[in-house]
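Reading through the structure tokens given below for one structure.
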There are 2 protein chains.
Amino acid sequence: MTVVAGGASAARPRLIRAINEQVLLDHIRRSGPVSRTELANLSGLSKPTVSSALGSIERAGLVHASGQRTGSPGPAAFLYEVRPEAGFVLGLDVGREFLRGAVADLAGTVRSRLSVRTKAVDAMARVQELAGLATTLLGDAGIRASQLTQTVIGSPGVYDPKLDTLTLTGRLSGWDSPAVLPALRDEFGSTLMIENDVDAAALAERVHGHGRGVDSFAFVSVGTGIGMGLVLDGKLRHGSHGVAGEISYLPFAEGSGSDVRDARKRGSFDASASAAAVVRAARRAGVRGASSAEKVFAAAARGDSVAAGIVTEEALLVAKAVCTVITVVDPELIVLGGGIGQAPGFLDAVVDQLRRLAPVLPEVKASVLGIDTVVAGCIAAGLDQAWQYLVGQISPGVTS
Amino acid sequence: MTVVAGGASAARPRLIRAINEQVLLDHIRRSGPVSRTELANLSGLSKPTVSSALGSIERAGLVHASGQRTGSPGPAAFLYEVRPEAGFVLGLDVGREFLRGAVADLAGTVRSRLSVRTKAVDAMARVQELAGLATTLLGDAGIRASQLTQTVIGSPGVYDPKLDTLTLTGRLSGWDSPAVLPALRDEFGSTLMIENDVDAAALAERVHGHGRGVDSFAFVSVGTGIGMGLVLDGKLRHGSHGVAGEISYLPFAEGSGSDVRDARKRGSFDASASAAAVVRAARRAGVRGASSAEKVFAAAARGDSVAAGIVTEEALLVAKAVCTVITVVDPELIVLGGGIGQAPGFLDAVVDQLRRLAPVLPEVKASVLGIDTVVAGCIAAGLDQAWQYLVGQISPGVTS
DNA sequence: AATTAATCGGAAACTACGTTAACAATCACC
DNA sequence: GGTGATTGTTAACGTAGTTTCCGATTAATT
């Protein structure tokens, strides 16, 4: 559906060409190789119009004829598909222990993928490691840096557009220094985009996970840290200061597992509900071998009633956070992710608590995506951006 | 800016006419009486196009020439403005004690306004009272019911589009009965729209209050009940089940003032932070003459340190709710409304608490709108809807 | 009072875009 | 090899917007 927004500006005939080109591209992306006639049926446009618009798109290099379909009566139909080499996207995930990355072409095919353990001791060294990883990825994929249409870095912290800095970077020490952003821009050029890591994971969920076809959902990640990515009306919401979804700052000052030193720095909710908090609480309660949250959950699964109590307590905390999200934005779906969020049985424990707390119970699911989720989300965000850019290049002078 | 949404459909030349007609209408609405030439300059369209499109709009009856401007060289320019009689909107506010309402024309001018104290003892009697109020308002305005383009009722509770019922109606007893909605539709016809009362107030804030020109803001109302209206990207967010903004269900189970009987019915946060909870807490603390929240606030203002403590406690609760909203959606602005929210000094108390809690501090303001806010919001919502409908009628067959 | 300059509204000619209808070319199938 | 379905193009037409030009009108100037 075409929507005319609030302060609309006047439309010219070119606009409708631009819209129709986008419509055709959308269909080609979704349906793979298709013929002109099929595109006419899919889009509702007439055959001559499809031919004409497709011509522009083809001349711009975004699609190409990939083959012919025979077998049916009549001439062999030319099949058109996205030209993968029309653009490349680099996605990078900056974690505290690992750097991960991948290069994908415009069709979404991953051309190279890599994870490395970080040895960097400060922020600038980390920037250099990232640049090195990027070089390796480009080399593996056989791509020159100039061919990159878009680079997306998924990182802890939020980008404040008004201050043009990264803040609230939590466990990634030094990453909120004002020098980091210029250094990154210097390394990766003007096509660089920075996305919060959990927001990127939410985008991956939207493209590859439970969020497919869902208009509004919240991806809640509980693990080493706590965060949320919010997709409303199909668009990721960053917020006016970039802090939308920073639920580690929810004002739940639970006594039990919280650590006051963490509260100010990473948020009081993070301090009481992150993996470290689970371990702390388990140790205090006397759970043996509680060296990690996984082990506490495993103990609970084995029947350790004290550990089970810790797990229930944790489920209550997460349920409160989810309830908060429901009462504020009421999404269609909640996806739980992260080491704790995806732990076996945790989903049911959260839903049980939620039933008591929330005014309505939306769908709640555990993420089925794996370790490369953030990279996948960065790629997805980069592809979106790259498409927008390339589509804008088809017929210059059209402000859509 | 014109935005093409996700699953866009093909565009035809007619679409651009439809867009331009809307653009012209927007300018006429905003700028009052304007000439063709001025419209051409405002919109960027050429004079012949403006003349042609304006012709369609005029023939549809949405605008009319209201006069001529002389004084400058050249022929007198015809001035066009919205034809007020092209549509009428009825807005009604269903409260526990009062029913309020107003009738406005398409230009937004209020033609009649009325408040009555309700005597209804059950939901059906209340529906009848509403119908009576509507009849009086129409009579006062000299309008027939058939001339109403849109009727909007602001009411406690939320409309669940999936179940087609009102729920969570809180203090309005019987209002969530499944018979209410059919009865209302029977009385008010197919143009009836139901909006949550706090959401309506948020819309009023957007049109007449601090929300003017602000893209994303939250209107938080604290008084007899607690609620929020959330405007994101210029649009009111209802949520998938209609419960977006029902912050009375925030999982803050504060011990002090809460009443367990209320918690399940109206939400645990309502039970601990509504006006009734303030009075309960004040009485327990031994504040003399604490018969209403106003009196507790007045005592605090006079220097009663115990009452001041209650007020601080209340400010902390509200700040927690606001902090929650910030961490979830990060709006540009928070507007405090309602009897407690607009109480003198309360704003500063909340901001003080917020500084400690929230990851960022957005603008926070107290509403300056009065008792007719909900009605004004209903009128605003109805006018929007009426415009959409009437614009759709100009050139039939265009799916925008 | 006559002339000048500015402005308004519209008509003519042209461009951009999409639609329908007709058509030649092609291929599977009988 | 004929038949029928299908593909992609061409031609004619309708809608919409733009530029250019022009007559008519009015205030300001001479």
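Each chain in the structure tokens gets a letter, A, B, ..., in the order shown, and its residues are numbered from 1; ligands are numbered from 1 in order too.
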
Notebook entry, point to check: Do you know which residues are at most 9 Å from region 17-22 of chain D counting only C-alpha atoms (C1' of nucleotides), after dropping those on the same chain fewer than 6 positions away, and could you put them as a PyMOL selection string?
Noted result: (chain A and resi 12-13) or (chain B and resi 45-46+48-49) or (chain C and resi 11-16)

Please identify every residue of chain A that has at least one atom no more than 8 Å from any atom of chain C, counting only C-alpha atoms (C1' of nucleotides), and report them as an mmCIF file with N, CA and C atoms, in the first residue's frame.
```
data_model
loop_
_atom_site.group_PDB
_atom_site.id
_atom_site.type_symbol
_atom_site.label_atom_id
_atom_site.label_comp_id
_atom_site.auth_asym_id
_atom_site.auth_seq_id
_atom_site.Cartn_x
_atom_site.Cartn_y
_atom_site.Cartn_z
ATOM 1 N N PRO A 13 4.890 13.230 -12.448
ATOM 2 C CA PRO A 13 4.830 11.931 -13.125
ATOM 3 C C PRO A 13 6.027 11.035 -12.817
ATOM 4 N N ARG A 14 7.188 11.623 -12.644
ATOM 5 C CA ARG A 14 8.374 10.806 -12.360
ATOM 6 C C ARG A 14 8.205 9.958 -11.108
ATOM 7 N N ILE A 16 5.692 8.407 -10.011
ATOM 8 C CA ILE A 16 5.002 7.141 -10.191
ATOM 9 C C ILE A 16 5.921 6.141 -10.891
ATOM 10 N N ARG A 17 6.807 6.618 -11.759
ATOM 11 C CA ARG A 17 7.805 5.727 -12.331
ATOM 12 C C ARG A 17 8.696 5.153 -11.227
ATOM 13 N N SER A 46 0.641 -3.041 -16.633
ATOM 14 C CA SER A 46 0.489 -3.613 -17.966
ATOM 15 C C SER A 46 1.842 -4.058 -18.501
ATOM 16 N N THR A 49 4.282 -1.277 -19.712
ATOM 17 C CA THR A 49 4.858 -0.524 -18.607
ATOM 18 C C THR A 49 5.957 -1.331 -17.930
ATOM 19 N N GLY A 71 9.566 -24.839 -22.234
ATOM 20 C CA GLY A 71 8.701 -25.896 -21.722
ATOM 21 C C GLY A 71 7.238 -25.588 -21.945
ATOM 22 N N SER A 72 6.921 -24.297 -21.934
ATOM 23 C CA SER A 72 5.530 -23.921 -22.196
ATOM 24 C C SER A 72 5.439 -23.438 -23.642
ATOM 25 N N PRO A 73 4.260 -23.464 -24.202
ATOM 26 C CA PRO A 73 4.109 -22.967 -25.560
ATOM 27 C C PRO A 73 4.511 -21.513 -25.665
ATOM 28 N N GLY A 74 4.867 -21.096 -26.804
ATOM 29 C CA GLY A 74 5.253 -19.708 -27.018
ATOM 30 C C GLY A 74 6.744 -19.522 -26.962
ATOM 31 N N PRO A 75 7.177 -18.299 -27.189
ATOM 32 C CA PRO A 75 8.611 -18.010 -27.175
ATOM 33 C C PRO A 75 9.177 -18.231 -25.781
ATOM 34 N N ALA A 76 10.449 -18.514 -25.693
ATOM 35 C CA ALA A 76 11.080 -18.679 -24.392
ATOM 36 C C ALA A 76 11.087 -17.331 -23.682
#
```

Give me, as a Markdown table, each residue of region 203-253 of chain A that comes within 7 Å of region 175-198 of chain A, together with its shortest interatomic pair and the distance in Å at one decimal, counting only C-alpha atoms, with rows ordered by chain and rising residue number.
```
| residue | atom | partner | partner_atom | distance |
| --- | --- | --- | --- | --- |
| A:Ser221 | CA | A:Val198 | CA | 7.0 |
| A:Gly227 | CA | A:Val198 | CA | 6.2 |
| A:Met228 | CA | A:Val198 | CA | 6.0 |
| A:Gly229 | CA | A:Val198 | CA | 5.6 |
```

Could you take the residues named above and write them with N, CA and C atoms, as a CSV table (one decimal), in the first residue's frame?
```csv
chain,number,residue,atom,x,y,z
A,221,SER,N,16.8,-9.6,24.5
A,221,SER,CA,18.0,-10.4,24.6
A,221,SER,C,18.5,-10.4,26.1
A,227,GLY,N,19.2,-6.3,26.6
A,227,GLY,CA,18.8,-5.3,25.7
A,227,GLY,C,17.6,-5.7,24.9
A,228,MET,N,17.1,-4.7,24.2
A,228,MET,CA,15.9,-5.0,23.4
A,228,MET,C,16.0,-4.3,22.0
A,229,GLY,N,15.5,-4.9,21.0
A,229,GLY,CA,15.4,-4.3,19.7
A,229,GLY,C,13.9,-4.2,19.4
```

Using only C-alpha atoms (C1' of nucleotides), find the residues of chain D whose closest atom to chain B is at most 9 Å away, then write them as a PDB file with N, CA and C atoms (P, O5', C5', C4', C3', O3' and C1' of nucleotides), in the first residue's frame.
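Resulting contents of selection13.pdb:
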```pdb
ATOM      1  P    DT D  15      -9.021  10.923 -19.704  1.00  0.00           P
ATOM      2  O5'  DT D  15      -7.810  11.063 -18.693  1.00  0.00           O
ATOM      3  C5'  DT D  15      -7.385   9.939 -17.939  1.00  0.00           C
ATOM      4  C4'  DT D  15      -6.150  10.292 -17.165  1.00  0.00           C
ATOM      5  C3'  DT D  15      -6.216  11.661 -16.468  1.00  0.00           C
ATOM      6  O3'  DT D  15      -5.770  11.500 -15.140  1.00  0.00           O
ATOM      7  C1'  DT D  15      -4.253  11.488 -17.764  1.00  0.00           C
ATOM      8  P    DA D  16      -6.016  12.696 -14.115  1.00  0.00           P
ATOM      9  O5'  DA D  16      -4.581  13.385 -14.073  1.00  0.00           O
ATOM     10  C5'  DA D  16      -3.449  12.577 -13.837  1.00  0.00           C
ATOM     11  C4'  DA D  16      -2.180  13.391 -13.874  1.00  0.00           C
ATOM     12  C3'  DA D  16      -2.329  14.859 -13.455  1.00  0.00           C
ATOM     13  O3'  DA D  16      -1.370  15.144 -12.460  1.00  0.00           O
ATOM     14  C1'  DA D  16      -1.202  14.683 -15.529  1.00  0.00           C
ATOM     15  P    DG D  17      -1.309  16.606 -11.844  1.00  0.00           P
ATOM     16  O5'  DG D  17       0.049  17.157 -12.471  1.00  0.00           O
ATOM     17  C5'  DG D  17       1.248  16.427 -12.292  1.00  0.00           C
ATOM     18  C4'  DG D  17       2.371  17.132 -13.022  1.00  0.00           C
ATOM     19  C3'  DG D  17       2.409  18.641 -12.763  1.00  0.00           C
ATOM     20  O3'  DG D  17       3.724  19.079 -12.476  1.00  0.00           O
ATOM     21  C1'  DG D  17       2.231  18.222 -15.077  1.00  0.00           C
ATOM     22  P    DT D  18       4.045  20.659 -12.353  1.00  0.00           P
ATOM     23  O5'  DT D  18       4.716  20.966 -13.761  1.00  0.00           O
ATOM     24  C5'  DT D  18       5.715  20.091 -14.294  1.00  0.00           C
ATOM     25  C4'  DT D  18       6.452  20.796 -15.414  1.00  0.00           C
ATOM     26  C3'  DT D  18       6.602  22.295 -15.156  1.00  0.00           C
ATOM     27  O3'  DT D  18       7.923  22.729 -15.442  1.00  0.00           O
ATOM     28  C1'  DT D  18       5.390  21.930 -17.187  1.00  0.00           C
ATOM     29  P    DA D  24      -8.617  41.139 -23.710  1.00  0.00           P
ATOM     30  O5'  DA D  24      -8.683  41.191 -22.122  1.00  0.00           O
ATOM     31  C5'  DA D  24      -9.147  40.038 -21.423  1.00  0.00           C
ATOM     32  C4'  DA D  24      -9.073  40.304 -19.939  1.00  0.00           C
ATOM     33  C3'  DA D  24      -9.544  41.713 -19.535  1.00  0.00           C
ATOM     34  O3'  DA D  24     -10.383  41.605 -18.396  1.00  0.00           O
ATOM     35  C1'  DA D  24      -7.360  41.320 -18.719  1.00  0.00           C
ATOM     36  P    DT D  25     -11.123  42.840 -17.821  1.00  0.00           P
ATOM     37  O5'  DT D  25     -10.279  43.218 -16.539  1.00  0.00           O
ATOM     38  C5'  DT D  25     -10.100  42.230 -15.519  1.00  0.00           C
ATOM     39  C4'  DT D  25      -9.106  42.745 -14.509  1.00  0.00           C
ATOM     40  C3'  DT D  25      -9.409  44.142 -13.943  1.00  0.00           C
ATOM     41  O3'  DT D  25      -9.403  44.045 -12.533  1.00  0.00           O
ATOM     42  C1'  DT D  25      -7.155  43.966 -14.588  1.00  0.00           C
ATOM     43  P    DT D  26     -10.334  44.960 -11.642  1.00  0.00           P
ATOM     44  O5'  DT D  26      -9.264  45.792 -10.819  1.00  0.00           O
ATOM     45  C5'  DT D  26      -8.376  45.083  -9.959  1.00  0.00           C
ATOM     46  C4'  DT D  26      -7.075  45.832  -9.839  1.00  0.00           C
ATOM     47  C3'  DT D  26      -7.199  47.293  -9.384  1.00  0.00           C
ATOM     48  O3'  DT D  26      -6.713  47.384  -8.055  1.00  0.00           O
ATOM     49  C1'  DT D  26      -5.509  46.963 -11.037  1.00  0.00           C
ATOM     50  P    DA D  27      -6.823  48.704  -7.206  1.00  0.00           P
ATOM     51  O5'  DA D  27      -5.282  49.097  -7.081  1.00  0.00           O
ATOM     52  C5'  DA D  27      -4.382  48.143  -6.511  1.00  0.00           C
ATOM     53  C4'  DA D  27      -2.963  48.642  -6.625  1.00  0.00           C
ATOM     54  C3'  DA D  27      -2.719  50.044  -6.055  1.00  0.00           C
ATOM     55  O3'  DA D  27      -1.487  50.046  -5.350  1.00  0.00           O
ATOM     56  C1'  DA D  27      -2.140  50.000  -8.359  1.00  0.00           C
ATOM     57  P    DA D  28      -0.945  51.316  -4.632  1.00  0.00           P
ATOM     58  O5'  DA D  28       0.139  51.846  -5.679  1.00  0.00           O
ATOM     59  C5'  DA D  28       1.181  50.960  -6.075  1.00  0.00           C
ATOM     60  C4'  DA D  28       2.049  51.638  -7.119  1.00  0.00           C
ATOM     61  C3'  DA D  28       2.528  53.052  -6.740  1.00  0.00           C
ATOM     62  O3'  DA D  28       3.899  53.167  -7.083  1.00  0.00           O
ATOM     63  C1'  DA D  28       1.419  53.113  -8.826  1.00  0.00           C
TER      64       DA D  28
END
```

Using only C-alpha atoms, find each residue of chain A with at least one atom at most 7 Å away from an atom of chain B; report its shortest atom-to-atom pair and that distance in Å (one decimal), sort the rows by chain and rising residue number, and return the result as a Markdown table.
```
| residue | atom | partner | partner_atom | distance |
| --- | --- | --- | --- | --- |
| A:Met1 | CA | B:Ala8 | CA | 4.5 |
| A:Thr2 | CA | B:Val4 | CA | 5.4 |
| A:Val3 | CA | B:Val4 | CA | 6.1 |
| A:Val4 | CA | B:Thr2 | CA | 5.4 |
| A:Ala5 | CA | B:Thr2 | CA | 5.8 |
| A:Gly7 | CA | B:Met1 | CA | 6.0 |
| A:Ala8 | CA | B:Met1 | CA | 4.5 |
| A:Ser9 | CA | B:Met1 | CA | 5.4 |
| A:Ala10 | CA | B:Asn20 | CA | 5.5 |
| A:Ala11 | CA | B:Ile16 | CA | 5.5 |
| A:Arg12 | CA | B:Ile16 | CA | 6.5 |
| A:Pro13 | CA | B:Pro13 | CA | 6.8 |
| A:Ile16 | CA | B:Ala11 | CA | 5.5 |
| A:Ile19 | CA | B:Ala11 | CA | 6.5 |
| A:Asn20 | CA | B:Ala10 | CA | 5.5 |
| A:Val23 | CA | B:Ala8 | CA | 6.1 |
| A:Ser43 | CA | B:Ala10 | CA | 6.1 |
| A:Gly44 | CA | B:Ala10 | CA | 6.6 |
| A:Leu45 | CA | B:Ala10 | CA | 6.5 |
| A:Gly239 | CA | B:Asp330 | CA | 4.6 |
| A:Ser240 | CA | B:Glu332 | CA | 5.3 |
| A:His241 | CA | B:Asp330 | CA | 6.7 |
| A:Val243 | CA | B:Asp330 | CA | 5.9 |
| A:Ala244 | CA | B:Val329 | CA | 4.4 |
| A:Gly245 | CA | B:Val328 | CA | 4.7 |
| A:Glu246 | CA | B:Thr327 | CA | 5.1 |
| A:Ile247 | CA | B:Thr327 | CA | 5.4 |
| A:Tyr249 | CA | B:Thr327 | CA | 6.4 |
| A:Leu250 | CA | B:Thr324 | CA | 5.6 |
| A:Pro251 | CA | B:Lys320 | CA | 5.9 |
| A:Lys320 | CA | B:Pro251 | CA | 5.9 |
| A:Cys323 | CA | B:Leu250 | CA | 6.9 |
| A:Thr324 | CA | B:Leu250 | CA | 5.6 |
| A:Val325 | CA | B:Val328 | CA | 6.6 |
| A:Ile326 | CA | B:Ala244 | CA | 6.8 |
| A:Thr327 | CA | B:Glu246 | CA | 5.1 |
| A:Val328 | CA | B:Gly245 | CA | 4.7 |
| A:Val329 | CA | B:Ala244 | CA | 4.4 |
| A:Asp330 | CA | B:Gly239 | CA | 4.6 |
| A:Pro331 | CA | B:Ser240 | CA | 5.7 |
| A:Glu332 | CA | B:Ser240 | CA | 5.3 |
| A:Leu357 | CA | B:Pro251 | CA | 6.7 |
| A:Ala358 | CA | B:Tyr249 | CA | 6.7 |
| A:Pro359 | CA | B:Tyr249 | CA | 6.5 |
| A:Ser400 | CA | B:Thr2 | CA | 6.0 |
```

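Excluding Val222 (chain A) itself and any same-chain residue fewer than 5 positions from it, the protein and nucleic acid residues within 6 Å of it, counting only C-alpha atoms (C1' of nucleotides), are Gly338, Ile340 and Gly341 of chain A.
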
Notebook entry, point to check: Which residues in region 30-195 of chain B does DSSP call helix (DSSP H, G or I)? List them as number ranges by chain.
Noted result: B: 30-31, 36-43, 47-59, 84-86, 123-141, 145-147, 180-188

Item checked: For region 123-129 of chain A: contacts at 6 Å, only C-alpha atoms (C1' of nucleotides), fewer than 3 positions along chain excluded, given as a list in words ->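 In the requested format, the answer is Ala120, Gly132, Gly174 and Trp175 of chain A.
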
Next item on the list: For Leu92 (chain A), please output as a PyMOL selection string all residues within 8 Å (counting only C-alpha atoms (C1' of nucleotides); exclusion window: fewer than 3 positions along the same chain).
Entry: chain A and resi 99-102+130+151-154+374-375+378

Next item on the list: Enumerate as number ranges by chain all residues of region 104-184 of chain A assigned to strand (DSSP E or B) by DSSP on the backbone, naming them with the chain letters and numbers the document uses.
Entry: A: 104-105, 110-117, 148-155, 158-160, 165-167

Any chance you could export the current selection's N, CA and C atoms as a PDB file, in the first residue's frame?
```pdb
ATOM      1  N   ALA A 104      28.294  -9.896   1.988  1.00  0.00           N
ATOM      2  CA  ALA A 104      27.202 -10.461   1.186  1.00  0.00           C
ATOM      3  C   ALA A 104      27.006  -9.618  -0.065  1.00  0.00           C
ATOM      4  N   ASP A 105      26.503 -10.275  -1.117  1.00  0.00           N
ATOM      5  CA  ASP A 105      26.195  -9.512  -2.318  1.00  0.00           C
ATOM      6  C   ASP A 105      24.758  -9.012  -2.269  1.00  0.00           C
ATOM      7  N   VAL A 110      25.948 -14.810   1.120  1.00  0.00           N
ATOM      8  CA  VAL A 110      27.156 -14.516   1.877  1.00  0.00           C
ATOM      9  C   VAL A 110      28.360 -14.980   1.075  1.00  0.00           C
ATOM     10  N   ARG A 111      29.295 -14.088   0.822  1.00  0.00           N
ATOM     11  CA  ARG A 111      30.473 -14.424   0.018  1.00  0.00           C
ATOM     12  C   ARG A 111      31.653 -14.824   0.895  1.00  0.00           C
ATOM     13  N   SER A 112      31.695 -14.312   2.109  1.00  0.00           N
ATOM     14  CA  SER A 112      32.744 -14.730   3.042  1.00  0.00           C
ATOM     15  C   SER A 112      32.275 -14.447   4.462  1.00  0.00           C
ATOM     16  N   ARG A 113      32.826 -15.198   5.383  1.00  0.00           N
ATOM     17  CA  ARG A 113      32.368 -15.098   6.770  1.00  0.00           C
ATOM     18  C   ARG A 113      33.530 -15.456   7.680  1.00  0.00           C
ATOM     19  N   LEU A 114      33.657 -14.796   8.811  1.00  0.00           N
ATOM     20  CA  LEU A 114      34.812 -15.042   9.671  1.00  0.00           C
ATOM     21  C   LEU A 114      34.527 -14.560  11.091  1.00  0.00           C
ATOM     22  N   SER A 115      35.100 -15.290  12.064  1.00  0.00           N
ATOM     23  CA  SER A 115      35.083 -14.841  13.458  1.00  0.00           C
ATOM     24  C   SER A 115      36.496 -14.907  13.998  1.00  0.00           C
ATOM     25  N   VAL A 116      36.876 -13.902  14.744  1.00  0.00           N
ATOM     26  CA  VAL A 116      38.195 -13.938  15.383  1.00  0.00           C
ATOM     27  C   VAL A 116      38.060 -13.525  16.846  1.00  0.00           C
ATOM     28  N   ARG A 117      38.914 -14.124  17.660  1.00  0.00           N
ATOM     29  CA  ARG A 117      38.947 -13.730  19.070  1.00  0.00           C
ATOM     30  C   ARG A 117      39.736 -12.426  19.176  1.00  0.00           C
ATOM     31  N   LEU A 148      32.059  -1.891  -2.101  1.00  0.00           N
ATOM     32  CA  LEU A 148      31.114  -1.965  -0.987  1.00  0.00           C
ATOM     33  C   LEU A 148      30.106  -0.820  -1.082  1.00  0.00           C
ATOM     34  N   THR A 149      28.859  -1.191  -1.130  1.00  0.00           N
ATOM     35  CA  THR A 149      27.813  -0.165  -1.140  1.00  0.00           C
ATOM     36  C   THR A 149      27.508   0.302   0.280  1.00  0.00           C
ATOM     37  N   GLN A 150      27.694  -0.605   1.224  1.00  0.00           N
ATOM     38  CA  GLN A 150      27.313  -0.281   2.587  1.00  0.00           C
ATOM     39  C   GLN A 150      28.118  -1.121   3.572  1.00  0.00           C
ATOM     40  N   THR A 151      28.541  -0.489   4.655  1.00  0.00           N
ATOM     41  CA  THR A 151      29.189  -1.204   5.748  1.00  0.00           C
ATOM     42  C   THR A 151      28.388  -0.950   7.017  1.00  0.00           C
ATOM     43  N   VAL A 152      28.087  -2.004   7.760  1.00  0.00           N
ATOM     44  CA  VAL A 152      27.310  -1.859   8.984  1.00  0.00           C
ATOM     45  C   VAL A 152      28.048  -2.536  10.128  1.00  0.00           C
ATOM     46  N   ILE A 153      28.249  -1.802  11.190  1.00  0.00           N
ATOM     47  CA  ILE A 153      28.875  -2.357  12.386  1.00  0.00           C
ATOM     48  C   ILE A 153      27.830  -2.491  13.471  1.00  0.00           C
ATOM     49  N   GLY A 154      27.678  -3.693  13.988  1.00  0.00           N
ATOM     50  CA  GLY A 154      26.811  -3.912  15.133  1.00  0.00           C
ATOM     51  C   GLY A 154      27.658  -3.870  16.382  1.00  0.00           C
ATOM     52  N   SER A 155      27.279  -3.033  17.314  1.00  0.00           N
ATOM     53  CA  SER A 155      28.128  -2.805  18.469  1.00  0.00           C
ATOM     54  C   SER A 155      27.280  -2.515  19.697  1.00  0.00           C
ATOM     55  N   VAL A 158      24.682   2.878  22.056  1.00  0.00           N
ATOM     56  CA  VAL A 158      23.741   3.496  21.128  1.00  0.00           C
ATOM     57  C   VAL A 158      24.397   4.699  20.474  1.00  0.00           C
ATOM     58  N   TYR A 159      23.924   4.970  19.279  1.00  0.00           N
ATOM     59  CA  TYR A 159      24.401   6.145  18.567  1.00  0.00           C
ATOM     60  C   TYR A 159      23.419   7.280  18.820  1.00  0.00           C
ATOM     61  N   ASP A 160      23.901   8.346  19.405  1.00  0.00           N
ATOM     62  CA  ASP A 160      23.052   9.515  19.639  1.00  0.00           C
ATOM     63  C   ASP A 160      23.210  10.460  18.453  1.00  0.00           C
ATOM     64  N   THR A 165      27.753  10.782  18.799  1.00  0.00           N
ATOM     65  CA  THR A 165      28.705   9.960  19.553  1.00  0.00           C
ATOM     66  C   THR A 165      28.059   8.622  19.910  1.00  0.00           C
ATOM     67  N   LEU A 166      28.894   7.681  20.277  1.00  0.00           N
ATOM     68  CA  LEU A 166      28.417   6.437  20.857  1.00  0.00           C
ATOM     69  C   LEU A 166      28.391   6.598  22.373  1.00  0.00           C
ATOM     70  N   THR A 167      27.308   6.113  22.997  1.00  0.00           N
ATOM     71  CA  THR A 167      27.250   6.162  24.460  1.00  0.00           C
ATOM     72  C   THR A 167      26.691   4.839  24.970  1.00  0.00           C
TER      73      THR A 167
END
```
